[in-house]
Amino acid sequence: MTIEPEHAIDVENLTKRYGDLLAVNDISFHVRTGEVFAFLGPNGAGKTTTVEIIETIRTPTSGKVSLLRMDVTTRKRDILPRIGVLPQGFSSFDRITVRETIQYYARLFGRRDTDVDGLIELANLKDKSNDQFKNLSGGLKQRLGIAIALVNDPEVVFLDEPTTGLDPRARREVWNVLLSLKKNGKTVFLTTHYMEEAELLADTVAIISKGKIIAMGSPDELIERNANYLVFTLKAVDRAPFEIIQRMGFEPVHDNHQTLKVRVEHTDDIQKILNALNDAGAASLGLDVRKPNLEAVFLKLTGEALREGSGEGVPE
Amino acid sequence: MSGRVIAANLVVSIKTFSREKSAIFFTIAFPIILILVFGTIFLNQDNPSFDLYVQDLDQTNSSAQLVETLDRNGKFKITTVDPALDATQYAKDKKLNFVLVIPKGYEKALVRRLGLIGGIPNAAIRDPNASVTITYIYDASASSTPTKIQLLQSGFAVVNQGMSGQPPFIRAAETSMLTTKFRFIDFFVPGIIAMSVMTSSLSGAVNMNAELRQKGVIRKLSTTPITRTDWILSNILYQFMLAVISALAILVVSYAVFSVRLQINAWLFAFIVLEVFAFGGIGMILTRVANEAESATAAANFIMFPMMFLSGSFFPLELMPGFLQTIARILPLYYVNEGLRAAMVSVDHTAALRYCAMIGVFATVVFVLGINTTKWDEGK
């Protein structure tokens with residue numbers, strides 16, 4: 001296997017079986033140094049198994065995985081001091097405060113130079129630094145988990161589902177911390193099933209489904225490659241606009257509130273629709289023009305929604 | 001193995017302990033409460049004094065002398081019952097478990113038996129077959145009843161033998177095998193030390209491993225430089241510290257409140273170390289076998305509670321039926337109890353060494369098994 005010097009992670013033909021269950025099925029990819037790599041997929045797709053193999057805490061059934069140019073199956077002791085991990089559903093010692101928890105993990109890594117205050121600040125936990133872990137909200141716990149993942153100033157940071165189970169506000173607070181990591185040039189391996197997260201943070205996205213990587217590239221590339229269209233949304237007071245648009249050869253869909261969504265290939269098509277509606281005197285109000293997101297890409301590639309209720313509802 | 005990592009774990013464990021009120025209670029306060037409660041109950045075990053209600057229907061000098069003799073014996077605290085009352089009904093009403101009734105005619109029978117009138121022998125009235133029947137009205141379900149009957153029977157036997165005018169044929173001489181006279185509390189304290197070290201080591205190992213594993217903390221730790229050896233050693237050290245704190249608290253209270261006479265020697269230290277390894281090892285095995293933290297705790301309780309009561313921590317094995325004594329002798333806590341008593345009470349170094357070797361072999365086996373069953377990688 002040729003290892004590119006700029007690659008922080010190289011995965012080649014990785015397979016993991018649990019008895020008869022094939023959790024990861026012969027996948028290959030690499031993560032460039034300094035990039036945010038998002039591993040996107042629904043629950044049970046094989047994301048966590050893959051990331052845990054790269055983190056050295058699981059062994060592959062077959063295939064080769066290198067992290068920082070070291071084989072993960074044989075160089076665990078050399079690898080661990082150079083990576084930081086936020087495991088899925090992170091938890092810590094209930095009665096230990098935020099500051100003490102960071103200090104504890106810094107000691108485990110033998111780091112006397114860890115900037116505990118800096119990490120507390122980065123995770124925006126200054127007001128909570130003397131609170132015990134058990135008294136923190138879910139979002140605060142995740143932010144502490146990220147701070148802990150950075151105690152050893154790691155070259156690669158693994159964040160496994162960092163915002164799962166958090167409310168939208170807490171999720172955005174975690175994203176702010178992740179954006180700081182990105183700004184600092186860390187290599188970040190992010191597993192998530194939130195495409196907004198991947199789109200916002202990732203330089204490269206790999207979509208995994210049923211243990212297989214089904215698409216990989218930058219968010220823009222994936223959308224361009226797999227969902228190269230626009231979604232035009234408008235509100236109609238009656239059924240006339242729907243019929244006019246349908247007669248023009250488009251396939252509009254509408255919901256109970258008379259909101260129409262039309263998939264168009266070019267911006268010219270939107271102008272044509274507006275002109276036709278205007279000429280017919282059909283009362284309508286243009287609302288929005290959007291490019292599809294990774295959810296649409298995932299829908300197209302797998303035929304299933306990434307998470308419940310997240311589909312755009314626009315026919316592919 | 002890293003001293004730095006072990007020290008970091010110890011700091012976290014000690015901070016957690018100091019902030020966990022229930023942990024402090026069960027490690028320090030609970031054994032002290034046990035010592036105080038049982039120590040007080042059995043404080044006068046060597047000189048027990050039983051309540052004895054006496055109804056004297058004879059109301060004579062002789063019957064009064066008999067009551068006085070029972071009182072002087074020191075085994076009874078005597079309360080008199082009005083002769084006009086129905087003794088059985090009185091016992092029921094007052095919830096008494098024992099009433100002794102001296103019948104009317106007691107003095108007359110005594111006079112005939114001795115053949116004395118006003119202290120002067122009178123052969124004409126002497127009747128060697130004259131006797132009197134003293135009645136016990138008792139509650140058979142009361143635990144003190146057999147003891148009271150036994151004490152009275154032996155007391156009356158002495159009286160009967162004295163009246164026969166013959167010296168006793170069999171006499172008894174009491175010689176303790178111990179150089180110092182020990183009380184029940186002196187035997188009880190080593191049992192409580194063994195019990196509290198067992199509970200803290202077993203529960204500690206289960207909580208530390210099962211709960212933290214279930215919460216995902218172990219999984220996070222497995223992505224840091226801490227190794228399985230570091231983790232297990234720091235846990236064992238922590239459990240040992242708790243065991244020493246618990247034993248010290250028990251000993252301080254025992255000396256201060258009950259003035260126990262126990263030998264504090266290196267055996268105590270050795271037994272605590274071995275017990276921590278033994279029950280820490282059992283805890284690690286349970287953690288591996290049970291899938292959930294709750295089932296691991298339940299399994300630990302299933303092991304701890306029978307062991308507490310069957311291995312002679314609270315009462316001597318001789319009080320138990322034969323088959324339970326056989327079971328007790330396969331329980332590791334029995335050997336710790338016996339070993340600590342040999343070391344601290346009878347100061348029998350040979351016996352202490354024998355028990356130490358037995359528990360040492362057991363501790364080695366279960367601890368090695370525990371290490372092998374504690375999986376560190378793959379978060380399991």
# chains A, B, ... in the order shown; residues from 1 in each chain; ligands from 1

call {"tool": "select_by_dssp", "arguments": {"residues": "segment 157-250 of chain A", "states": "strand (DSSP E)", "output": "list in words"}}
result
Val157, Phe158, Leu159, Asp160, Thr187, Val188, Phe189, Leu190, Thr191, Thr192, Thr204, Val205, Ala206, Ile207, Ile208, Ser209, Lys212, Ile213, Ile214, Ala215, Met216, Gly217, Leu230, Val231, Phe232, Thr233, Leu234, Lys235 and Ala236 of chain A

call {"tool": "write_last_selection", "arguments": {"atoms": "C-alpha atoms", "output": "PDB file, in the first residue's frame"}}
result
ATOM      1  CA  VAL A 157      -9.134  14.286  16.620  1.00  0.00           C
ATOM      2  CA  PHE A 158     -11.942  11.721  16.378  1.00  0.00           C
ATOM      3  CA  LEU A 159     -15.407  12.961  17.179  1.00  0.00           C
ATOM      4  CA  ASP A 160     -18.021  10.217  17.153  1.00  0.00           C
ATOM      5  CA  THR A 187      -7.215  16.892  11.358  1.00  0.00           C
ATOM      6  CA  VAL A 188     -10.715  15.951  12.437  1.00  0.00           C
ATOM      7  CA  PHE A 189     -12.502  12.672  11.765  1.00  0.00           C
ATOM      8  CA  LEU A 190     -16.167  13.358  12.388  1.00  0.00           C
ATOM      9  CA  THR A 191     -18.836  10.682  12.391  1.00  0.00           C
ATOM     10  CA  THR A 192     -22.358  11.981  12.253  1.00  0.00           C
ATOM     11  CA  THR A 204     -14.577  15.785   2.693  1.00  0.00           C
ATOM     12  CA  VAL A 205     -17.641  13.669   3.261  1.00  0.00           C
ATOM     13  CA  ALA A 206     -17.847   9.895   2.943  1.00  0.00           C
ATOM     14  CA  ILE A 207     -21.345   8.444   2.915  1.00  0.00           C
ATOM     15  CA  ILE A 208     -21.575   4.947   4.346  1.00  0.00           C
ATOM     16  CA  SER A 209     -24.560   2.684   4.104  1.00  0.00           C
ATOM     17  CA  LYS A 212     -20.144   0.229   2.296  1.00  0.00           C
ATOM     18  CA  ILE A 213     -18.936   3.692   1.283  1.00  0.00           C
ATOM     19  CA  ILE A 214     -21.332   4.723  -1.429  1.00  0.00           C
ATOM     20  CA  ALA A 215     -20.028   8.222  -2.193  1.00  0.00           C
ATOM     21  CA  MET A 216     -17.114  10.420  -1.198  1.00  0.00           C
ATOM     22  CA  GLY A 217     -15.982  13.970  -1.964  1.00  0.00           C
ATOM     23  CA  LEU A 230     -32.600  23.535  -7.741  1.00  0.00           C
ATOM     24  CA  VAL A 231     -35.692  23.357  -5.600  1.00  0.00           C
ATOM     25  CA  PHE A 232     -38.092  26.253  -6.167  1.00  0.00           C
ATOM     26  CA  THR A 233     -40.703  26.711  -3.442  1.00  0.00           C
ATOM     27  CA  LEU A 234     -43.776  28.940  -3.835  1.00  0.00           C
ATOM     28  CA  LYS A 235     -47.104  29.415  -2.099  1.00  0.00           C
ATOM     29  CA  ALA A 236     -50.368  29.253  -4.058  1.00  0.00           C
TER      30      ALA A 236
END

call {"tool": "interface_residues", "arguments": {"of": "chain B", "to": "chain A", "cutoff": "8 Å", "atoms": "only C-alpha atoms", "output": "PyMOL selection string"}}
result
chain B and resi 4-5+8-9+12+15-16+19-20+212+215-217+219-220+222-226+377-379

call {"tool": "residues_around", "arguments": {"residues": "Ile149 of chain B", "least_positions_apart": "3", "cutoff": "10 Å", "atoms": "only C-alpha atoms", "output": "PyMOL selection string"}}
result
chain B and resi 98+100+136+138+144-146+152-155

call {"tool": "residues_around", "arguments": {"residues": "segment 302-306 of chain B", "least_positions_apart": "5", "cutoff": "9 Å", "atoms": "only C-alpha atoms", "output": "list in words"}}
result
Met195, Met198, Thr199, Leu202, Thr297 and Ser311 of chain B

call {"tool": "closest_residue", "arguments": {"among": "B:Val368, B:Ile264, B:Met344, B:Val101", "to": "Asp58 of chain B", "atoms": "only C-alpha atoms"}}
result
B:Val101

call {"tool": "residues_around", "arguments": {"residues": "Ala194 of chain B", "least_positions_apart": "4", "cutoff": "12 Å", "atoms": "only C-alpha atoms", "output": "number ranges by chain"}}
result
B: 31, 187-190, 198-201, 243-244, 246-247, 250, 268-276, 278-279, 304, 307-308, 311-314, 332-341

call {"tool": "select_by_dssp", "arguments": {"residues": "segment 167-291 of chain A", "states": "helix (DSSP H, G or I)", "output": "PyMOL selection string"}}
result
chain A and resi 168-183+195-201+219-226+240-247+267-279

call {"tool": "write_last_selection", "arguments": {"atoms": "N, CA and C atoms", "output": "short mmCIF file (atom, residue, chain, number, x, y, z; two decimals), in the first residue's frame"}}
result
data_model
loop_
_atom_site.label_atom_id
_atom_site.label_comp_id
_atom_site.auth_asym_id
_atom_site.auth_seq_id
_atom_site.Cartn_x
_atom_site.Cartn_y
_atom_site.Cartn_z
N PRO A 168 -31.25 21.78 19.35
CA PRO A 168 -30.61 22.58 18.29
C PRO A 168 -29.63 23.63 18.84
N ARG A 169 -29.97 24.25 19.96
CA ARG A 169 -29.08 25.29 20.49
C ARG A 169 -27.75 24.67 20.97
N ALA A 170 -27.87 23.57 21.72
CA ALA A 170 -26.66 22.90 22.22
C ALA A 170 -25.82 22.40 21.05
N ARG A 171 -26.52 21.94 19.99
CA ARG A 171 -25.80 21.44 18.82
C ARG A 171 -24.97 22.56 18.18
N ARG A 172 -25.61 23.74 18.09
CA ARG A 172 -24.88 24.87 17.48
C ARG A 172 -23.68 25.27 18.35
N GLU A 173 -23.83 25.15 19.66
CA GLU A 173 -22.70 25.50 20.55
C GLU A 173 -21.54 24.53 20.34
N VAL A 174 -21.88 23.25 20.14
CA VAL A 174 -20.82 22.27 19.87
C VAL A 174 -20.18 22.57 18.51
N TRP A 175 -21.01 22.94 17.53
CA TRP A 175 -20.47 23.27 16.21
C TRP A 175 -19.46 24.41 16.30
N ASN A 176 -19.78 25.39 17.15
CA ASN A 176 -18.84 26.52 17.29
C ASN A 176 -17.48 26.04 17.78
N VAL A 177 -17.51 25.06 18.70
CA VAL A 177 -16.23 24.51 19.19
C VAL A 177 -15.52 23.79 18.05
N LEU A 178 -16.29 23.03 17.27
CA LEU A 178 -15.69 22.28 16.16
C LEU A 178 -15.12 23.23 15.09
N LEU A 179 -15.82 24.35 14.89
CA LEU A 179 -15.30 25.34 13.92
C LEU A 179 -13.96 25.91 14.39
N SER A 180 -13.81 26.06 15.74
CA SER A 180 -12.53 26.53 16.28
C SER A 180 -11.42 25.52 15.98
N LEU A 181 -11.76 24.23 16.10
CA LEU A 181 -10.77 23.19 15.80
C LEU A 181 -10.34 23.29 14.34
N LYS A 182 -11.34 23.48 13.49
CA LYS A 182 -11.07 23.56 12.06
C LYS A 182 -10.17 24.75 11.77
N LYS A 183 -10.47 25.86 12.45
CA LYS A 183 -9.67 27.07 12.26
C LYS A 183 -8.22 26.84 12.71
N MET A 195 -26.57 15.83 8.37
CA MET A 195 -25.88 16.35 7.19
C MET A 195 -25.56 17.82 7.30
N GLU A 196 -26.38 18.59 8.10
CA GLU A 196 -26.04 20.01 8.28
C GLU A 196 -24.65 20.12 8.89
N GLU A 197 -24.39 19.21 9.83
CA GLU A 197 -23.11 19.20 10.52
C GLU A 197 -21.98 18.94 9.52
N ALA A 198 -22.20 17.93 8.69
CA ALA A 198 -21.18 17.56 7.71
C ALA A 198 -20.99 18.70 6.71
N GLU A 199 -22.10 19.28 6.26
CA GLU A 199 -21.99 20.36 5.26
C GLU A 199 -21.28 21.58 5.83
N LEU A 200 -21.58 21.87 7.09
CA LEU A 200 -21.01 23.06 7.72
C LEU A 200 -19.52 22.89 8.01
N LEU A 201 -19.14 21.69 8.43
CA LEU A 201 -17.79 21.52 8.98
C LEU A 201 -16.82 20.80 8.05
N PRO A 219 -18.60 18.31 0.12
CA PRO A 219 -20.06 18.43 0.08
C PRO A 219 -20.55 18.99 -1.24
N ASP A 220 -19.87 20.02 -1.75
CA ASP A 220 -20.29 20.62 -3.02
C ASP A 220 -20.18 19.61 -4.16
N GLU A 221 -19.07 18.89 -4.17
CA GLU A 221 -18.88 17.89 -5.23
C GLU A 221 -19.98 16.83 -5.20
N LEU A 222 -20.29 16.37 -4.01
CA LEU A 222 -21.30 15.32 -3.89
C LEU A 222 -22.65 15.81 -4.37
N ILE A 223 -22.95 17.06 -3.99
CA ILE A 223 -24.25 17.62 -4.39
C ILE A 223 -24.26 17.83 -5.90
N GLU A 224 -23.16 18.38 -6.40
CA GLU A 224 -23.05 18.65 -7.84
C GLU A 224 -23.18 17.35 -8.64
N ARG A 225 -22.51 16.32 -8.10
CA ARG A 225 -22.47 15.05 -8.81
C ARG A 225 -23.79 14.29 -8.73
N ASN A 226 -24.45 14.41 -7.61
CA ASN A 226 -25.60 13.54 -7.39
C ASN A 226 -26.94 14.27 -7.31
N ALA A 240 -54.60 26.46 -9.29
CA ALA A 240 -54.20 26.90 -10.63
C ALA A 240 -52.69 26.84 -10.86
N PRO A 241 -51.86 27.39 -9.98
CA PRO A 241 -50.41 27.34 -10.23
C PRO A 241 -49.88 25.92 -10.38
N PHE A 242 -50.44 24.99 -9.60
CA PHE A 242 -50.00 23.60 -9.66
C PHE A 242 -50.22 23.05 -11.08
N GLU A 243 -51.43 23.33 -11.62
CA GLU A 243 -51.77 22.80 -12.94
C GLU A 243 -50.95 23.47 -14.04
N ILE A 244 -50.73 24.78 -13.89
CA ILE A 244 -49.94 25.51 -14.89
C ILE A 244 -48.52 24.94 -14.94
N ILE A 245 -47.94 24.76 -13.76
CA ILE A 245 -46.55 24.27 -13.69
C ILE A 245 -46.48 22.85 -14.25
N GLN A 246 -47.51 22.06 -13.94
CA GLN A 246 -47.54 20.68 -14.44
C GLN A 246 -47.61 20.66 -15.97
N ARG A 247 -48.44 21.60 -16.52
CA ARG A 247 -48.57 21.67 -17.98
C ARG A 247 -47.26 22.06 -18.64
N THR A 267 -31.73 28.14 -13.38
CA THR A 267 -32.44 29.32 -12.84
C THR A 267 -33.41 29.88 -13.88
N ASP A 268 -33.11 29.65 -15.20
CA ASP A 268 -34.02 30.12 -16.25
C ASP A 268 -35.41 29.52 -16.09
N ASP A 269 -35.43 28.26 -15.64
CA ASP A 269 -36.72 27.57 -15.49
C ASP A 269 -37.60 28.30 -14.47
N ILE A 270 -36.97 28.86 -13.45
CA ILE A 270 -37.75 29.57 -12.42
C ILE A 270 -38.41 30.80 -13.03
N GLN A 271 -37.62 31.50 -13.85
CA GLN A 271 -38.15 32.69 -14.51
C GLN A 271 -39.33 32.32 -15.41
N LYS A 272 -39.15 31.18 -16.14
CA LYS A 272 -40.23 30.73 -17.03
C LYS A 272 -41.50 30.44 -16.24
N ILE A 273 -41.35 29.79 -15.11
CA ILE A 273 -42.53 29.44 -14.29
C ILE A 273 -43.21 30.71 -13.79
N LEU A 274 -42.40 31.66 -13.30
CA LEU A 274 -42.97 32.90 -12.77
C LEU A 274 -43.71 33.67 -13.87
N ASN A 275 -43.09 33.68 -15.10
CA ASN A 275 -43.73 34.36 -16.22
C ASN A 275 -45.06 33.70 -16.57
N ALA A 276 -45.06 32.37 -16.61
CA ALA A 276 -46.27 31.64 -16.98
C ALA A 276 -47.38 31.91 -15.97
N LEU A 277 -47.01 31.91 -14.69
CA LEU A 277 -48.01 32.16 -13.64
C LEU A 277 -48.55 33.58 -13.76
N ASN A 278 -47.64 34.49 -14.07
CA ASN A 278 -48.02 35.90 -14.20
C ASN A 278 -48.98 36.09 -15.37
N ASP A 279 -48.62 35.43 -16.51
CA ASP A 279 -49.46 35.56 -17.70
C ASP A 279 -50.86 34.99 -17.47
#

call {"tool": "residues_around", "arguments": {"residues": "Gly280 of chain B", "least_positions_apart": "3", "cutoff": "12 Å", "atoms": "only C-alpha atoms", "output": "PyMOL selection string"}}
result
chain B and resi 197-209+232-240+243+272-277+283-287+300+362-371+374

call {"tool": "atom_distance", "arguments": {"atom1": "atom CA of Ile137 of chain B", "atom2": "atom CA of Val99 of chain B"}}
result
5.1 Å

call {"tool": "atom_distance", "arguments": {"atom1": "atom CA of Phe29 of chain A", "atom2": "atom CA of Ser218 of chain A"}}
result
13.4 Å

call {"tool": "atom_distance", "arguments": {"atom1": "atom CA of Glu318 of chain B", "atom2": "atom CA of Leu251 of chain B"}}
result
25.7 Å

call {"tool": "residues_around", "arguments": {"residues": "Val159 of chain B", "least_positions_apart": "4", "cutoff": "12 Å", "atoms": "only C-alpha atoms", "output": "PyMOL selection string"}}
result
chain B and resi 66+69-70+110+152-155+163-168

call {"tool": "write_last_selection", "arguments": {"atoms": "C-alpha atoms", "output": "mmCIF file, in the first residue's frame"}}
result
data_model
loop_
_atom_site.group_PDB
_atom_site.id
_atom_site.type_symbol
_atom_site.label_atom_id
_atom_site.label_comp_id
_atom_site.auth_asym_id
_atom_site.auth_seq_id
_atom_site.Cartn_x
_atom_site.Cartn_y
_atom_site.Cartn_z
ATOM 1 C CA LEU B 66 -34.587 -18.849 98.465
ATOM 2 C CA THR B 69 -30.188 -16.851 97.172
ATOM 3 C CA LEU B 70 -31.308 -16.544 93.539
ATOM 4 C CA LEU B 110 -38.205 -27.835 104.115
ATOM 5 C CA LEU B 152 -32.197 -22.454 87.753
ATOM 6 C CA GLN B 153 -31.768 -26.222 87.424
ATOM 7 C CA SER B 154 -28.056 -25.995 88.109
ATOM 8 C CA GLY B 155 -28.709 -23.659 91.057
ATOM 9 C CA MET B 163 -28.988 -30.826 101.573
ATOM 10 C CA SER B 164 -27.805 -34.391 100.949
ATOM 11 C CA GLY B 165 -24.813 -33.695 103.190
ATOM 12 C CA GLN B 166 -22.413 -35.430 100.802
ATOM 13 C CA PRO B 167 -19.543 -33.646 98.989
ATOM 14 C CA PRO B 168 -19.888 -33.601 95.181
#

call {"tool": "decode", "arguments": {"residues": "segment 102-116 of chain B", "atoms": "N, CA and C atoms", "output": "mmCIF file, in the first residue's frame"}}
result
data_model
loop_
_atom_site.group_PDB
_atom_site.id
_atom_site.type_symbol
_atom_site.label_atom_id
_atom_site.label_comp_id
_atom_site.auth_asym_id
_atom_site.auth_seq_id
_atom_site.Cartn_x
_atom_site.Cartn_y
_atom_site.Cartn_z
ATOM 1 N N ILE B 102 -43.013 -20.137 93.719
ATOM 2 C CA ILE B 102 -42.656 -20.922 94.918
ATOM 3 C C ILE B 102 -43.995 -21.301 95.580
ATOM 4 N N PRO B 103 -44.250 -22.602 95.717
ATOM 5 C CA PRO B 103 -45.596 -23.009 96.179
ATOM 6 C C PRO B 103 -45.814 -22.742 97.672
ATOM 7 N N LYS B 104 -47.055 -22.683 98.028
ATOM 8 C CA LYS B 104 -47.408 -22.601 99.454
ATOM 9 C C LYS B 104 -46.966 -23.916 100.105
ATOM 10 N N GLY B 105 -46.440 -23.862 101.308
ATOM 11 C CA GLY B 105 -45.985 -25.074 101.996
ATOM 12 C C GLY B 105 -44.510 -25.338 101.787
ATOM 13 N N TYR B 106 -43.835 -24.403 101.133
ATOM 14 C CA TYR B 106 -42.405 -24.578 100.862
ATOM 15 C C TYR B 106 -41.627 -24.747 102.169
ATOM 16 N N GLU B 107 -41.897 -23.843 103.153
ATOM 17 C CA GLU B 107 -41.134 -23.881 104.406
ATOM 18 C C GLU B 107 -41.442 -25.159 105.196
ATOM 19 N N LYS B 108 -42.736 -25.520 105.197
ATOM 20 C CA LYS B 108 -43.123 -26.724 105.946
ATOM 21 C C LYS B 108 -42.396 -27.939 105.386
ATOM 22 N N ALA B 109 -42.354 -28.043 104.068
ATOM 23 C CA ALA B 109 -41.681 -29.185 103.436
ATOM 24 C C ALA B 109 -40.197 -29.173 103.778
ATOM 25 N N LEU B 110 -39.637 -27.964 103.819
ATOM 26 C CA LEU B 110 -38.205 -27.835 104.115
ATOM 27 C C LEU B 110 -37.908 -28.299 105.547
ATOM 28 N N VAL B 111 -38.790 -27.878 106.458
ATOM 29 C CA VAL B 111 -38.619 -28.257 107.871
ATOM 30 C C VAL B 111 -38.664 -29.772 108.006
ATOM 31 N N ARG B 112 -39.640 -30.399 107.337
ATOM 32 C CA ARG B 112 -39.769 -31.865 107.431
ATOM 33 C C ARG B 112 -38.532 -32.550 106.844
ATOM 34 N N ARG B 113 -38.063 -32.031 105.750
ATOM 35 C CA ARG B 113 -36.908 -32.655 105.076
ATOM 36 C C ARG B 113 -35.662 -32.586 105.960
ATOM 37 N N LEU B 114 -35.455 -31.382 106.585
ATOM 38 C CA LEU B 114 -34.249 -31.196 107.398
ATOM 39 C C LEU B 114 -34.415 -31.746 108.820
ATOM 40 N N GLY B 115 -35.698 -31.867 109.269
ATOM 41 C CA GLY B 115 -35.942 -32.322 110.630
ATOM 42 C C GLY B 115 -35.430 -31.327 111.654
ATOM 43 N N LEU B 116 -35.690 -30.066 111.353
ATOM 44 C CA LEU B 116 -35.230 -29.004 112.258
ATOM 45 C C LEU B 116 -36.426 -28.189 112.719
#
